[in-house]
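**Q** For reference, the file final-v2.cif (mmCIF, C-alpha atoms and all ligand atoms) is included below:
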```cif
data_start
loop_
_atom_site.label_atom_id
_atom_site.label_comp_id
_atom_site.auth_asym_id
_atom_site.auth_seq_id
_atom_site.Cartn_x
_atom_site.Cartn_y
_atom_site.Cartn_z
CA MET S 145 8.10 -0.72 -36.53
CA ARG S 146 10.71 1.58 -34.98
CA VAL S 147 10.43 1.85 -31.20
CA ALA S 148 12.40 3.84 -28.62
CA VAL S 149 12.44 3.06 -24.92
CA VAL S 150 13.78 5.73 -22.57
CA GLY S 151 14.97 4.22 -19.27
CA GLY S 152 17.14 1.16 -18.66
CA GLY S 153 15.58 -0.01 -15.40
CA ALA S 154 13.74 -3.30 -14.87
CA VAL S 155 10.65 -2.04 -16.72
CA GLY S 156 12.37 -0.38 -19.69
CA VAL S 157 14.76 -3.27 -20.33
CA THR S 158 11.90 -5.77 -20.18
CA ALA S 159 9.72 -3.70 -22.52
CA ALA S 160 12.59 -3.18 -25.00
CA THR S 161 13.39 -6.92 -25.01
CA GLU S 162 9.79 -8.02 -25.46
CA ALA S 163 9.17 -5.47 -28.24
CA ALA S 164 12.30 -6.60 -30.10
CA GLU S 165 11.44 -10.28 -29.66
CA ALA S 166 8.02 -9.46 -31.17
CA GLY S 167 9.75 -8.09 -34.27
CA ALA S 168 10.20 -4.35 -33.60
CA ASP S 169 13.37 -2.41 -34.32
CA VAL S 170 14.18 -1.10 -30.83
CA VAL S 171 16.59 1.49 -29.41
CA LEU S 172 16.94 1.72 -25.61
CA TYR S 173 18.31 4.98 -24.15
CA GLU S 174 19.70 4.98 -20.61
CA ARG S 175 21.39 8.06 -19.16
CA GLY S 176 23.72 6.05 -16.90
CA GLU S 177 24.33 2.31 -16.65
CA LEU S 178 21.47 -0.20 -16.91
CA ALA S 179 19.74 -0.57 -13.49
CA SER S 180 21.43 2.60 -12.18
CA GLY S 181 18.07 4.14 -11.13
CA SER S 182 15.55 2.81 -8.61
CA THR S 183 15.96 -0.75 -9.86
CA GLY S 184 19.52 -1.06 -8.57
CA ARG S 185 18.32 0.21 -5.16
CA ALA S 186 15.32 -2.13 -4.78
CA ALA S 187 15.04 -4.65 -1.98
CA GLY S 188 13.99 -7.30 -4.49
CA ILE S 189 11.00 -8.64 -2.55
CA CYS S 190 8.53 -10.36 -4.88
CA TYR S 191 5.11 -11.92 -4.14
CA ASP S 192 1.69 -12.34 -5.70
CA ALA S 193 -0.33 -11.66 -2.52
CA TYR S 194 -2.62 -8.97 -3.94
CA ALA S 195 -6.31 -8.56 -3.13
CA GLU S 196 -7.32 -6.93 -6.44
CA ASP S 197 -7.76 -9.36 -9.34
CA VAL S 198 -5.68 -7.40 -11.91
CA ASP S 199 -2.81 -6.97 -9.45
CA ALA S 200 -2.90 -10.65 -8.45
CA THR S 201 -2.83 -11.80 -12.09
CA VAL S 202 0.01 -9.44 -13.02
CA ALA S 203 2.08 -10.45 -9.98
CA ALA S 204 1.56 -14.17 -10.57
CA GLU S 205 2.66 -13.78 -14.19
CA ALA S 206 5.73 -11.81 -13.07
CA LEU S 207 6.72 -14.51 -10.56
CA SER S 208 6.42 -17.18 -13.18
CA ARG S 209 8.64 -15.16 -15.57
CA PHE S 210 11.24 -14.66 -12.78
CA ARG S 211 11.19 -18.44 -12.20
CA GLU S 212 11.62 -19.18 -15.91
CA LEU S 213 14.68 -16.92 -15.97
CA GLY S 214 16.04 -18.69 -12.87
CA VAL S 215 16.54 -15.45 -10.87
CA LEU S 216 13.98 -15.98 -8.06
CA THR S 217 15.16 -17.32 -4.67
CA GLU S 218 12.01 -18.83 -3.17
CA CYS S 219 11.21 -17.55 0.35
CA PRO S 220 7.82 -17.20 2.09
CA TYR S 221 6.48 -13.68 2.72
CA VAL S 222 4.78 -13.03 6.06
CA TRP S 223 2.87 -9.91 7.03
CA TYR S 224 1.29 -9.22 10.38
CA ALA S 225 -0.34 -6.65 12.66
CA ARG S 226 -0.16 -6.30 16.42
CA GLN S 227 -2.75 -6.28 19.16
CA GLY S 228 -4.40 -2.87 19.50
CA ASP S 229 -3.78 -2.00 15.85
CA GLY S 230 -7.41 -2.40 14.79
CA SER S 231 -7.30 -1.05 11.24
CA GLU S 232 -4.29 -3.11 10.15
CA VAL S 233 -5.68 -6.24 11.84
CA ALA S 234 -8.99 -5.74 10.03
CA ALA S 235 -7.24 -5.07 6.71
CA ILE S 236 -5.30 -8.35 6.84
CA ARG S 237 -8.41 -10.34 7.83
CA GLU S 238 -10.35 -8.75 4.97
CA GLN S 239 -7.68 -9.06 2.27
CA VAL S 240 -6.53 -12.66 2.76
CA PRO S 241 -9.85 -14.27 1.68
CA ARG S 242 -9.89 -12.01 -1.40
CA MET S 243 -6.35 -13.08 -2.29
CA ARG S 244 -7.43 -16.70 -1.96
CA GLU S 245 -10.42 -16.07 -4.25
CA HIS S 246 -7.89 -15.07 -6.93
CA GLY S 247 -6.15 -18.42 -6.44
CA ARG S 248 -3.19 -17.04 -4.50
CA ASP S 249 -1.40 -19.45 -2.16
CA VAL S 250 -1.99 -17.26 0.90
CA ALA S 251 -3.30 -18.17 4.35
CA LEU S 252 -3.80 -16.70 7.79
CA VAL S 253 -1.30 -18.27 10.20
CA ASP S 254 -1.66 -18.73 13.92
CA PRO S 255 0.90 -16.34 15.51
CA ALA S 256 1.98 -19.02 18.03
CA GLU S 257 2.67 -21.49 15.20
CA LEU S 258 4.57 -18.78 13.36
CA GLY S 259 6.68 -18.24 16.47
CA GLU S 260 7.41 -21.97 16.70
CA ARG S 261 8.45 -22.11 13.06
CA TYR S 262 10.62 -18.98 13.34
CA PRO S 263 11.88 -18.80 16.96
CA GLN S 264 13.74 -15.52 16.26
CA LEU S 265 10.43 -13.80 15.48
CA ARG S 266 8.66 -12.25 18.51
CA THR S 267 5.01 -13.13 18.10
CA ASP S 268 3.64 -12.58 21.64
CA ASP S 269 1.70 -9.42 20.70
CA VAL S 270 0.96 -10.34 17.07
CA ALA S 271 -2.84 -10.30 16.62
CA VAL S 272 -3.03 -11.58 13.06
CA ALA S 273 -0.48 -12.90 10.59
CA ALA S 274 -0.65 -14.11 7.01
CA MET S 275 1.77 -15.99 4.81
CA ALA S 276 2.22 -16.02 1.02
CA ARG S 277 4.04 -19.15 -0.07
CA SER S 278 4.49 -18.12 -3.71
CA ALA S 279 7.12 -15.47 -3.03
CA GLY S 280 10.83 -14.89 -3.05
CA HIS S 281 13.58 -12.39 -3.68
CA VAL S 282 15.42 -11.31 -6.78
CA ASP S 283 18.73 -9.53 -7.18
CA PRO S 284 17.45 -6.60 -9.28
CA THR S 285 20.74 -6.13 -11.12
CA GLU S 286 20.90 -9.83 -11.96
CA TYR S 287 17.38 -9.60 -13.43
CA VAL S 288 18.31 -6.59 -15.58
CA GLN S 289 21.52 -8.27 -16.74
CA ALA S 290 19.59 -11.41 -17.73
CA MET S 291 17.05 -9.33 -19.66
CA ALA S 292 19.80 -7.22 -21.24
CA GLU S 293 21.42 -10.38 -22.64
CA ARG S 294 18.07 -11.25 -24.21
CA ALA S 295 17.72 -7.65 -25.44
CA LEU S 296 21.09 -7.78 -27.20
CA ALA S 297 20.29 -11.19 -28.69
CA ALA S 298 17.01 -9.78 -30.03
CA GLY S 299 18.86 -6.88 -31.66
CA VAL S 300 17.96 -4.03 -29.27
CA GLY S 301 20.30 -1.07 -29.74
CA VAL S 302 21.29 -0.55 -26.10
CA ARG S 303 22.63 3.01 -25.68
CA THR S 304 23.94 3.58 -22.16
CA ASP S 305 25.35 6.93 -21.00
CA ARG S 306 22.84 8.60 -23.35
CA GLU S 307 20.51 11.11 -21.71
CA ALA S 308 17.43 11.39 -23.91
CA SER S 309 14.90 14.18 -24.26
CA LEU S 310 11.75 14.52 -26.32
CA ALA S 311 11.52 17.03 -29.16
CA GLY S 312 8.09 15.64 -30.09
CA PRO S 313 5.91 12.71 -28.93
CA THR S 314 7.91 10.28 -31.09
CA THR S 315 11.10 12.32 -31.63
CA VAL S 316 14.02 11.50 -29.35
CA GLU S 317 17.09 13.68 -28.94
CA SER S 318 20.25 12.21 -27.44
CA PRO S 319 24.02 12.71 -27.78
CA ASP S 320 23.68 10.44 -30.86
CA GLY S 321 21.45 13.03 -32.57
CA THR S 322 17.72 13.30 -33.28
CA ALA S 323 15.77 10.19 -34.22
CA GLU S 324 12.15 9.67 -35.25
CA PHE S 325 10.22 6.56 -34.14
CA ASP S 326 6.78 5.05 -34.67
CA ALA S 327 6.32 4.70 -30.90
CA VAL S 328 8.22 5.84 -27.80
CA LEU S 329 7.95 4.40 -24.28
CA VAL S 330 9.16 6.56 -21.39
CA ALA S 331 9.96 4.19 -18.50
CA ALA S 332 12.30 6.62 -16.78
CA GLY S 333 11.09 6.20 -13.21
CA PRO S 334 10.76 9.53 -11.38
CA ALA S 335 12.11 11.38 -14.46
CA THR S 336 9.13 10.24 -16.57
CA LYS S 337 6.98 13.20 -15.52
CA ASP S 338 9.55 15.80 -16.62
CA LEU S 339 10.33 13.95 -19.85
CA VAL S 340 6.74 13.82 -21.11
CA GLY S 341 6.32 17.39 -19.80
CA GLN S 342 8.83 18.40 -22.51
CA VAL S 343 6.09 17.77 -25.10
CA GLY S 344 3.29 19.29 -23.03
CA VAL S 345 1.92 16.07 -21.50
CA GLU S 346 1.02 16.17 -17.81
CA ILE S 347 0.89 13.00 -15.72
CA PRO S 348 -0.03 12.83 -12.01
CA SER S 349 3.15 11.23 -10.71
CA LYS S 350 5.18 12.13 -7.63
CA ALA S 351 8.51 10.88 -6.35
CA TYR S 352 9.07 9.67 -2.80
CA ARG S 353 12.21 8.53 -1.05
CA ALA S 354 12.54 5.04 0.43
CA GLN S 355 15.49 3.77 2.48
CA ALA S 356 17.08 0.41 3.13
CA LEU S 357 19.98 -1.09 5.06
CA VAL S 358 21.74 -4.44 5.10
CA THR S 359 22.87 -5.82 8.44
CA GLU S 360 26.08 -7.63 9.15
CA PRO S 361 25.83 -11.41 8.55
CA LEU S 362 23.58 -13.07 11.17
CA ARG S 363 22.53 -16.53 12.13
CA ALA S 364 18.96 -15.68 11.15
CA THR S 365 16.30 -18.07 9.94
CA LEU S 366 13.46 -15.77 9.05
CA PRO S 367 10.94 -15.38 6.23
CA MET S 368 10.60 -12.12 4.33
CA ALA S 369 8.22 -10.00 6.40
CA TYR S 370 6.24 -6.77 6.60
CA ASP S 371 5.33 -5.49 10.06
CA ALA S 372 2.18 -3.51 9.26
CA SER S 373 1.99 -1.98 12.75
CA ARG S 374 5.58 -0.68 12.75
CA GLU S 375 5.56 -0.07 8.96
CA PHE S 376 8.84 -1.69 7.98
CA TYR S 377 9.94 -4.82 6.13
CA TRP S 378 12.90 -7.15 5.88
CA ARG S 379 14.19 -10.00 3.78
CA PRO S 380 17.21 -12.29 4.02
CA ARG S 381 20.22 -10.91 2.14
CA ALA S 382 23.85 -12.03 1.96
CA GLY S 383 23.73 -13.86 5.31
CA GLY S 384 22.11 -10.86 7.01
CA LEU S 385 18.85 -9.01 6.62
CA LEU S 386 17.86 -6.18 4.30
CA VAL S 387 15.57 -3.85 6.29
CA GLY S 388 13.59 -1.00 4.75
CA ASP S 389 10.76 1.50 4.90
CA GLY S 390 9.95 4.94 3.63
CA THR S 391 7.60 7.57 2.35
CA HIS S 392 9.07 11.02 2.22
CA GLU S 393 8.12 13.11 -0.78
CA ALA S 394 11.26 14.06 -2.68
CA ASP S 395 12.36 16.30 -5.52
CA PRO S 396 13.59 13.82 -8.18
CA ASN S 397 16.21 16.38 -9.27
CA ASP S 398 17.53 17.06 -5.76
CA TRP S 399 17.49 14.19 -3.28
CA ASP S 400 19.95 12.43 -0.99
CA PRO S 401 20.93 8.91 -2.15
CA ASP S 402 22.43 8.09 1.28
CA ALA S 403 20.24 6.78 4.08
CA ASP S 404 19.67 9.06 7.09
CA ALA S 405 21.29 8.15 10.42
CA ALA S 406 17.82 8.44 11.99
CA PHE S 407 16.47 5.83 9.56
CA GLU S 408 19.22 3.35 10.50
CA GLU S 409 18.60 3.85 14.21
CA HIS S 410 14.81 3.55 13.88
CA ALA S 411 15.03 0.50 11.58
CA LEU S 412 17.32 -1.34 14.02
CA ASP S 413 15.05 -0.41 16.97
CA ARG S 414 12.07 -1.89 15.17
CA LEU S 415 14.05 -5.00 14.17
CA ARG S 416 15.12 -5.55 17.82
CA ASP S 417 11.50 -5.14 18.86
CA ALA S 418 10.15 -7.57 16.23
CA THR S 419 12.89 -10.23 16.54
CA THR S 420 15.47 -11.53 19.01
CA LEU S 421 18.27 -10.16 16.78
CA ASP S 422 20.53 -7.21 17.60
CA PRO S 423 22.69 -6.62 14.53
CA ASP S 424 24.94 -3.79 13.33
CA VAL S 425 24.52 -2.10 9.97
CA ASP S 426 26.80 -3.18 7.14
CA ARG S 427 25.58 -0.61 4.56
CA SER S 428 22.56 1.52 3.73
CA TRP S 429 21.12 3.69 0.95
CA ALA S 430 18.07 5.59 -0.27
CA GLY S 431 16.20 5.51 -3.58
CA LEU S 432 13.15 6.99 -5.24
CA CYS S 433 9.76 5.42 -5.85
CA THR S 434 6.88 6.84 -7.87
CA ALA S 435 3.30 7.41 -6.70
CA THR S 436 -0.06 8.16 -8.35
CA PRO S 437 -3.35 9.48 -6.91
CA ASP S 438 -5.05 6.04 -6.77
CA ARG S 439 -1.90 3.95 -6.11
CA ASP S 440 -2.27 2.16 -9.46
CA PRO S 441 0.39 2.56 -12.18
CA LEU S 442 0.31 4.74 -15.28
CA LEU S 443 0.77 2.34 -18.18
CA GLY S 444 -0.28 3.34 -21.68
CA GLU S 445 -0.44 6.01 -24.36
CA VAL S 446 -0.47 9.67 -23.32
CA ALA S 447 -0.12 11.31 -26.78
CA ASP S 448 0.01 9.96 -30.34
CA GLY S 449 2.68 7.23 -30.22
CA LEU S 450 4.00 8.34 -26.80
CA HIS S 451 3.60 5.88 -23.92
CA VAL S 452 4.52 5.91 -20.22
CA ALA S 453 5.18 3.17 -17.67
CA THR S 454 5.60 4.48 -14.12
CA GLY S 455 3.82 4.94 -10.77
CA TRP S 456 4.68 1.58 -9.17
CA HIS S 457 4.39 2.58 -5.48
CA GLY S 458 7.45 0.58 -4.51
CA HIS S 459 6.26 -2.53 -6.38
CA GLY S 460 7.86 -1.92 -9.76
CA LEU S 461 10.49 -4.62 -9.67
CA MET S 462 8.18 -7.43 -8.64
CA ARG S 463 5.79 -6.57 -11.49
CA ALA S 464 8.39 -5.60 -14.12
CA PRO S 465 8.47 -8.92 -16.04
CA ALA S 466 4.69 -8.79 -16.57
CA LEU S 467 4.13 -5.05 -16.92
CA GLY S 468 7.21 -4.51 -19.09
CA ALA S 469 5.81 -7.19 -21.40
CA ARG S 470 2.42 -5.48 -21.35
CA ALA S 471 4.05 -2.13 -22.16
CA ALA S 472 5.69 -3.76 -25.20
CA GLU S 473 2.36 -5.16 -26.40
CA LEU S 474 0.81 -1.71 -26.08
CA LEU S 475 3.63 -0.13 -28.10
CA LEU S 476 2.91 -2.61 -30.88
CA GLY S 477 -0.82 -1.83 -30.86
CA GLY S 478 -2.10 -4.34 -28.29
CA GLU S 479 -4.68 -3.92 -25.53
CA GLY S 480 -3.85 -2.18 -22.26
CA ILE S 481 -5.06 -2.71 -18.70
CA ASP S 482 -8.05 -0.39 -18.10
CA ALA S 483 -7.27 0.14 -14.40
CA PHE S 484 -3.76 1.39 -15.30
CA ASP S 485 -4.75 3.59 -18.30
CA PRO S 486 -3.23 7.07 -17.79
CA ASP S 487 -6.39 8.48 -19.42
CA ARG S 488 -8.23 7.99 -16.13
CA PHE S 489 -6.58 11.23 -14.93
CA ASP S 490 -6.44 14.78 -16.26
CA GLY S 491 -2.77 14.90 -15.29
CA ASP S 492 -2.85 17.88 -12.92
CA GLU S 493 -4.37 16.14 -9.88
CA GLU S 494 -3.21 17.15 -6.39
CA PHE S 495 -2.66 14.20 -4.04
CA ASP S 496 -0.76 12.96 -1.01
CA VAL S 497 1.65 10.06 -1.42
CA VAL S 498 0.58 6.78 0.18
CA GLU S 499 3.36 4.21 0.41
CA GLY S 500 2.75 0.96 -1.50
CA THR S 501 2.94 -1.56 1.34
CA THR S 502 0.27 0.31 3.37
CA LEU S 503 -2.63 -2.07 3.96
CA ASP S 504 -5.39 0.54 4.36
CA GLU S 505 -7.94 0.64 1.59
CA GLU S 506 -8.08 3.75 -0.61
C1 LIG H 601 14.82 1.27 -1.08
C2 LIG H 601 13.90 0.70 -2.13
C3 LIG H 601 13.41 -0.59 -1.99
C4 LIG H 601 12.56 -1.13 -2.96
N1 LIG H 601 12.15 -2.43 -2.83
C5 LIG H 601 11.36 -2.99 -3.78
C6 LIG H 601 10.97 -4.35 -3.68
O1 LIG H 601 11.34 -5.04 -2.75
N2 LIG H 601 10.16 -4.87 -4.65
C7 LIG H 601 9.74 -4.11 -5.71
O2 LIG H 601 8.98 -4.60 -6.55
N3 LIG H 601 10.13 -2.82 -5.84
C8 LIG H 601 10.91 -2.24 -4.91
N4 LIG H 601 11.29 -0.94 -5.03
C9 LIG H 601 10.76 -0.17 -6.14
C10 LIG H 601 11.53 -0.45 -7.42
O3 LIG H 601 12.89 -0.08 -7.23
C11 LIG H 601 10.95 0.36 -8.57
O4 LIG H 601 9.54 0.29 -8.58
C12 LIG H 601 11.46 -0.19 -9.90
O5 LIG H 601 12.85 -0.34 -9.86
C13 LIG H 601 11.07 0.75 -11.02
O6 LIG H 601 11.73 0.34 -12.20
P1 LIG H 601 11.69 1.28 -13.46
O7 LIG H 601 12.37 0.54 -14.55
O8 LIG H 601 10.30 1.77 -13.67
O9 LIG H 601 12.50 2.58 -13.02
P2 LIG H 601 14.09 2.85 -12.76
O10 LIG H 601 14.79 1.65 -12.24
O11 LIG H 601 14.15 4.10 -11.98
O12 LIG H 601 14.61 3.08 -14.22
C14 LIG H 601 14.48 4.31 -14.90
C15 LIG H 601 15.76 4.55 -15.65
O13 LIG H 601 15.57 5.69 -16.48
C16 LIG H 601 16.81 6.34 -16.57
N5 LIG H 601 16.55 7.71 -17.04
C17 LIG H 601 15.94 8.72 -16.39
N6 LIG H 601 15.89 9.81 -17.16
C18 LIG H 601 16.47 9.48 -18.34
C19 LIG H 601 16.72 10.19 -19.54
N7 LIG H 601 16.37 11.48 -19.70
N8 LIG H 601 17.34 9.54 -20.57
C20 LIG H 601 17.72 8.25 -20.44
N9 LIG H 601 17.52 7.53 -19.31
C21 LIG H 601 16.88 8.13 -18.29
C22 LIG H 601 17.36 6.26 -15.16
O14 LIG H 601 18.77 6.43 -15.13
C23 LIG H 601 16.93 4.87 -14.75
O15 LIG H 601 17.95 3.89 -14.95
C24 LIG H 601 12.16 -0.36 -4.08
C25 LIG H 601 12.66 0.93 -4.23
C26 LIG H 601 13.53 1.47 -3.28
C27 LIG H 601 14.06 2.86 -3.47
#
```
What's the structure tokens form of this structure?
**A**
Amino acid sequence: MRVAVVGGGAVGVTAATEAAEAGADVVLYERGELASGSTGRAAGICYDAYAEDVDATVAAEALSRFRELGVLTECPYVWYARQGDGSEVAAIREQVPRMREHGRDVALVDPAELGERYPQLRTDDVAVAAMARSAGHVDPTEYVQAMAERALAAGVGVRTDREASLAGPTTVESPDGTAEFDAVLVAAGPATKDLVGQVGVEIPSKAYRAQALVTEPLRATLPMAYDASREFYWRPRAGGLLVGDGTHEADPNDWDPDADAAFEEHALDRLRDATTLDPDVDRSWAGLCTATPDRDPLLGEVADGLHVATGWHGHGLMRAPALGARAAELLLGGEGIDAFDPDRFDGDEEFDVVEGTTLDEE
């Protein structure tokens, strides 16, 4: 079976590798370098603390694949809401038991005990906190490089610096010429919508811009964390902290890859408020994430032989090992995940973007 994958991010490289290892003849087209899209800009936070059963299963499988590859640095993930923030407090109290029902190693933690364990964390006005112990961080580029080595070993034709377009559902045009395949997967991040639009397929996907910064090295002993009341997150990185947030709808063909000065200032303000730390910024950047109307991905066939994998709501890296593998199975005729089937939409839905870490229920 001849398969093309368009997009050399975490998802596309995984899908190409898995399809080739299952016996397909695979060509991977990437318009820049591998991981030069959103993947190379991801914070790399990974956990399996999901309240929905499908999400929890997918995330647990992804973590175990990261561990097998040896690219996961184990680190607990804490999320919390502050006094007076009723809806976020209620959301955490409601979700943690559901995560536990799915066998996730997650528990509510007494804020005072959290403060004792992490003295640099200010917990005086924390109303509720939870901790996921099966969690950690991944260097996204390291993951893609590890998968790319497997891809090459499995015979994937990796074509970087090749912008692809679709002349038909299974016909790919690139600087190498026109090629016909049995199945094509478009895993091109925010460009997926325009690419499948070239053959008249509409998918309800929007791009939004997220930002991150890395502080100077600090003497910090902190877990990875999401402050649900102040809507920002951090994780240890290179002796400092990587701090991020973001939901600003963006035009995927015209967006600013540099972080805004206002973001840096606001992120540091919130970090000073949440911890005893007062660091300077070492570097910062912006990237694009993809959103769907119901905050679940679009993973599956959208026309005869043409598949998509997008709509990760800022959680694409942490699920890539599992969902890239699932995308490969689908390409080769396997079963999909009903909740992620693009068929659940007409494709022309209007919707507002809701950022992935938001705790509120849909
Ligand atoms: C600041 C920030 C922080 C984030 N933090 C996290 C995190 O902590 N955890 C997490 O799970 N996720 C995180 N994400 C989200 C994560 O980056 C994405 O969900 C994930 O990288 C998506 O991977 P992908 O392979 O689907 O897409 P991408 O990495 O965007 O890959 C798509 C590729 O397609 C290529 N392409 C596009 N058009 C064409 C074409 N015509 N021809 C050929 N190639 C093409 C692009 O160059 C790109 O390399 C974060 C994102 C940002 C911006």
**Q** Could you tell me how far atom CA of Ala298 of chain S lies from atom CA of Val171 of chain S, in Å and to one decimal?
**A** 11.3 Å
**Q** Using atom CA of Ala290 of chain S and atom CA of Asp197 of chain S as the two end points, give the distance in Å to one decimal.
**A** 28.7 Å
**Q** Please extract the residues at most 6 Å from ligand LIG 601 (chain H), counting all atoms listed in the file, and provide them as an mmCIF file with C-alpha atoms, keeping the file's coordinate frame, using the chain letters and residue numbers of this document.
**A**
```cif
data_model
loop_
_atom_site.group_PDB
_atom_site.id
_atom_site.type_symbol
_atom_site.label_atom_id
_atom_site.label_comp_id
_atom_site.auth_asym_id
_atom_site.auth_seq_id
_atom_site.Cartn_x
_atom_site.Cartn_y
_atom_site.Cartn_z
ATOM 1 C CA VAL S 150 13.780 5.730 -22.570
ATOM 2 C CA GLY S 151 14.970 4.220 -19.270
ATOM 3 C CA GLY S 152 17.140 1.160 -18.660
ATOM 4 C CA GLY S 153 15.580 -0.010 -15.400
ATOM 5 C CA ALA S 154 13.740 -3.300 -14.870
ATOM 6 C CA VAL S 155 10.650 -2.040 -16.720
ATOM 7 C CA GLY S 156 12.370 -0.380 -19.690
ATOM 8 C CA TYR S 173 18.310 4.980 -24.150
ATOM 9 C CA GLU S 174 19.700 4.980 -20.610
ATOM 10 C CA ARG S 175 21.390 8.060 -19.160
ATOM 11 C CA GLY S 176 23.720 6.050 -16.900
ATOM 12 C CA LEU S 178 21.470 -0.200 -16.910
ATOM 13 C CA ALA S 179 19.740 -0.570 -13.490
ATOM 14 C CA SER S 180 21.430 2.600 -12.180
ATOM 15 C CA GLY S 181 18.070 4.140 -11.130
ATOM 16 C CA SER S 182 15.550 2.810 -8.610
ATOM 17 C CA THR S 183 15.960 -0.750 -9.860
ATOM 18 C CA ARG S 185 18.320 0.210 -5.160
ATOM 19 C CA ALA S 186 15.320 -2.130 -4.780
ATOM 20 C CA ALA S 187 15.040 -4.650 -1.980
ATOM 21 C CA GLY S 188 13.990 -7.300 -4.490
ATOM 22 C CA ILE S 189 11.000 -8.640 -2.550
ATOM 23 C CA CYS S 190 8.530 -10.360 -4.880
ATOM 24 C CA ARG S 306 22.840 8.600 -23.350
ATOM 25 C CA GLU S 307 20.510 11.110 -21.710
ATOM 26 C CA ALA S 308 17.430 11.390 -23.910
ATOM 27 C CA SER S 309 14.900 14.180 -24.260
ATOM 28 C CA ALA S 331 9.960 4.190 -18.500
ATOM 29 C CA ALA S 332 12.300 6.620 -16.780
ATOM 30 C CA GLY S 333 11.090 6.200 -13.210
ATOM 31 C CA ALA S 335 12.110 11.380 -14.460
ATOM 32 C CA ALA S 354 12.540 5.040 0.430
ATOM 33 C CA GLN S 355 15.490 3.770 2.480
ATOM 34 C CA ALA S 356 17.080 0.410 3.130
ATOM 35 C CA ALA S 430 18.070 5.590 -0.270
ATOM 36 C CA GLY S 431 16.200 5.510 -3.580
ATOM 37 C CA LEU S 432 13.150 6.990 -5.240
ATOM 38 C CA CYS S 433 9.760 5.420 -5.850
ATOM 39 C CA THR S 454 5.600 4.480 -14.120
ATOM 40 C CA TRP S 456 4.680 1.580 -9.170
ATOM 41 C CA GLY S 458 7.450 0.580 -4.510
ATOM 42 C CA HIS S 459 6.260 -2.530 -6.380
ATOM 43 C CA GLY S 460 7.860 -1.920 -9.760
ATOM 44 C CA LEU S 461 10.490 -4.620 -9.670
ATOM 45 C CA MET S 462 8.180 -7.430 -8.640
#
```
**Q** Between atom CA of Arg374 of chain S and atom CA of Asp496 of chain S, what is the distance, to one decimal in Å?
**A**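 Distance between the two atoms: 20.4 Å.
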**Q** Within 9 Å of Thr158 of chain S, counting only C-alpha atoms, which residues show up once you throw out same-chain ones fewer than 4 positions away? Write them as JSON, numbers by chain, please.
**A** {"S": [152, 153, 154, 162, 163, 288, 291, 292, 295, 464, 465, 466, 467, 468, 469, 471, 472]}
**Q** Choose the residue, out of S:Asp417, S:Asp426, S:Glu375, S:Glu317, that has the smallest atom-to-atom separation from Leu357 of chain S; count all atoms listed in the file.
**A**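 The shortest atom-to-atom distance to Leu357 of chain S comes from S:Asp426.
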**Q** Mind checking which residues fall within 12 Å of segment 401-415 of chain S, counting only C-alpha atoms, ignoring those fewer than 4 positions away in the same chain, and posting them as a PyMOL selection string?
**A** chain S and resi 180-182+184-185+264-266+352-360+366+369-379+385-392+394-397+419-432
**Q** Between S:Ala483, S:Val222, S:Leu474, S:Ala235, which has the minimum distance to Ala193 of chain S (counting all atoms listed in the file)?
**A** S:Val222
**Q** Given only C-alpha atoms as the basis, pick out the residue of S:Glu393, S:Asp400, S:Glu260, S:Glu445 nearest to Phe495 of chain S.
**A**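 When distances to Phe495 of chain S are compared using only C-alpha atoms, the smallest one comes from S:Glu393.
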**Q** Taking all atoms listed in the file into account, which of S:Leu442, S:Leu476, S:Val240, S:Ala225 comes nearest Asp268 of chain S?
**A**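 Between S:Leu442, S:Leu476, S:Val240, S:Ala225, the residue approaching Asp268 of chain S most closely is S:Ala225.
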**Q** Choose the residue, out of S:Ala195, S:Ala160, S:Val446, S:Ala204, that has the smallest atom-to-atom separation from Gly341 of chain S; count only C-alpha atoms.
**A** S:Val446
**Q** Quick one: residues within 7 Å of segment 435-437 of chain S, only C-alpha atoms, excluding same-chain residues fewer than 2 positions away - as a list in words?
**A**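 Contacts, in chain order: Pro348, Ser349, Lys350, Ala351, Cys433, Arg439, Asp440, Pro441, Gly455, Trp456, His457, Phe495 and Val497 of chain S.
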**Q** Using all atoms listed in the file, which of the listed residues (S:Asp283, S:Glu473, S:Glu346, S:Glu238) sits closest to Gly167 of chain S?
**A** S:Glu473
**Q** Could you give me, as a CSV table (one decimal) with C-alpha atoms, in the coordinates of the input, the residues that have an atom at most 6 Å away from the point (10.5, 4.2, -27.8) in the coordinates of the file, using only C-alpha atoms?
**A**
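Printed below is point.csv as written:
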```csv
chain,number,residue,atom,x,y,z
S,147,VAL,CA,10.4,1.8,-31.2
S,148,ALA,CA,12.4,3.8,-28.6
S,149,VAL,CA,12.4,3.1,-24.9
S,327,ALA,CA,6.3,4.7,-30.9
S,328,VAL,CA,8.2,5.8,-27.8
S,329,LEU,CA,8.0,4.4,-24.3
```
**Q** If you count all atoms listed in the file, which residues fall within 9 Å of Ile236 of chain S, apart from same-chain ones fewer than 2 positions away, as a ChimeraX atom specification?
**A** /S:223-225,231-234,238-240,252,272-274,503
**Q** With C-alpha atoms kept, could you save the residues just selected as a CSV table (one decimal), keeping the file's coordinate frame?
**A**
```
chain,number,residue,atom,x,y,z
S,223,TRP,CA,2.9,-9.9,7.0
S,224,TYR,CA,1.3,-9.2,10.4
S,225,ALA,CA,-0.3,-6.6,12.7
S,231,SER,CA,-7.3,-1.0,11.2
S,232,GLU,CA,-4.3,-3.1,10.2
S,233,VAL,CA,-5.7,-6.2,11.8
S,234,ALA,CA,-9.0,-5.7,10.0
S,238,GLU,CA,-10.4,-8.8,5.0
S,239,GLN,CA,-7.7,-9.1,2.3
S,240,VAL,CA,-6.5,-12.7,2.8
S,252,LEU,CA,-3.8,-16.7,7.8
S,272,VAL,CA,-3.0,-11.6,13.1
S,273,ALA,CA,-0.5,-12.9,10.6
S,274,ALA,CA,-0.6,-14.1,7.0
S,503,LEU,CA,-2.6,-2.1,4.0
```
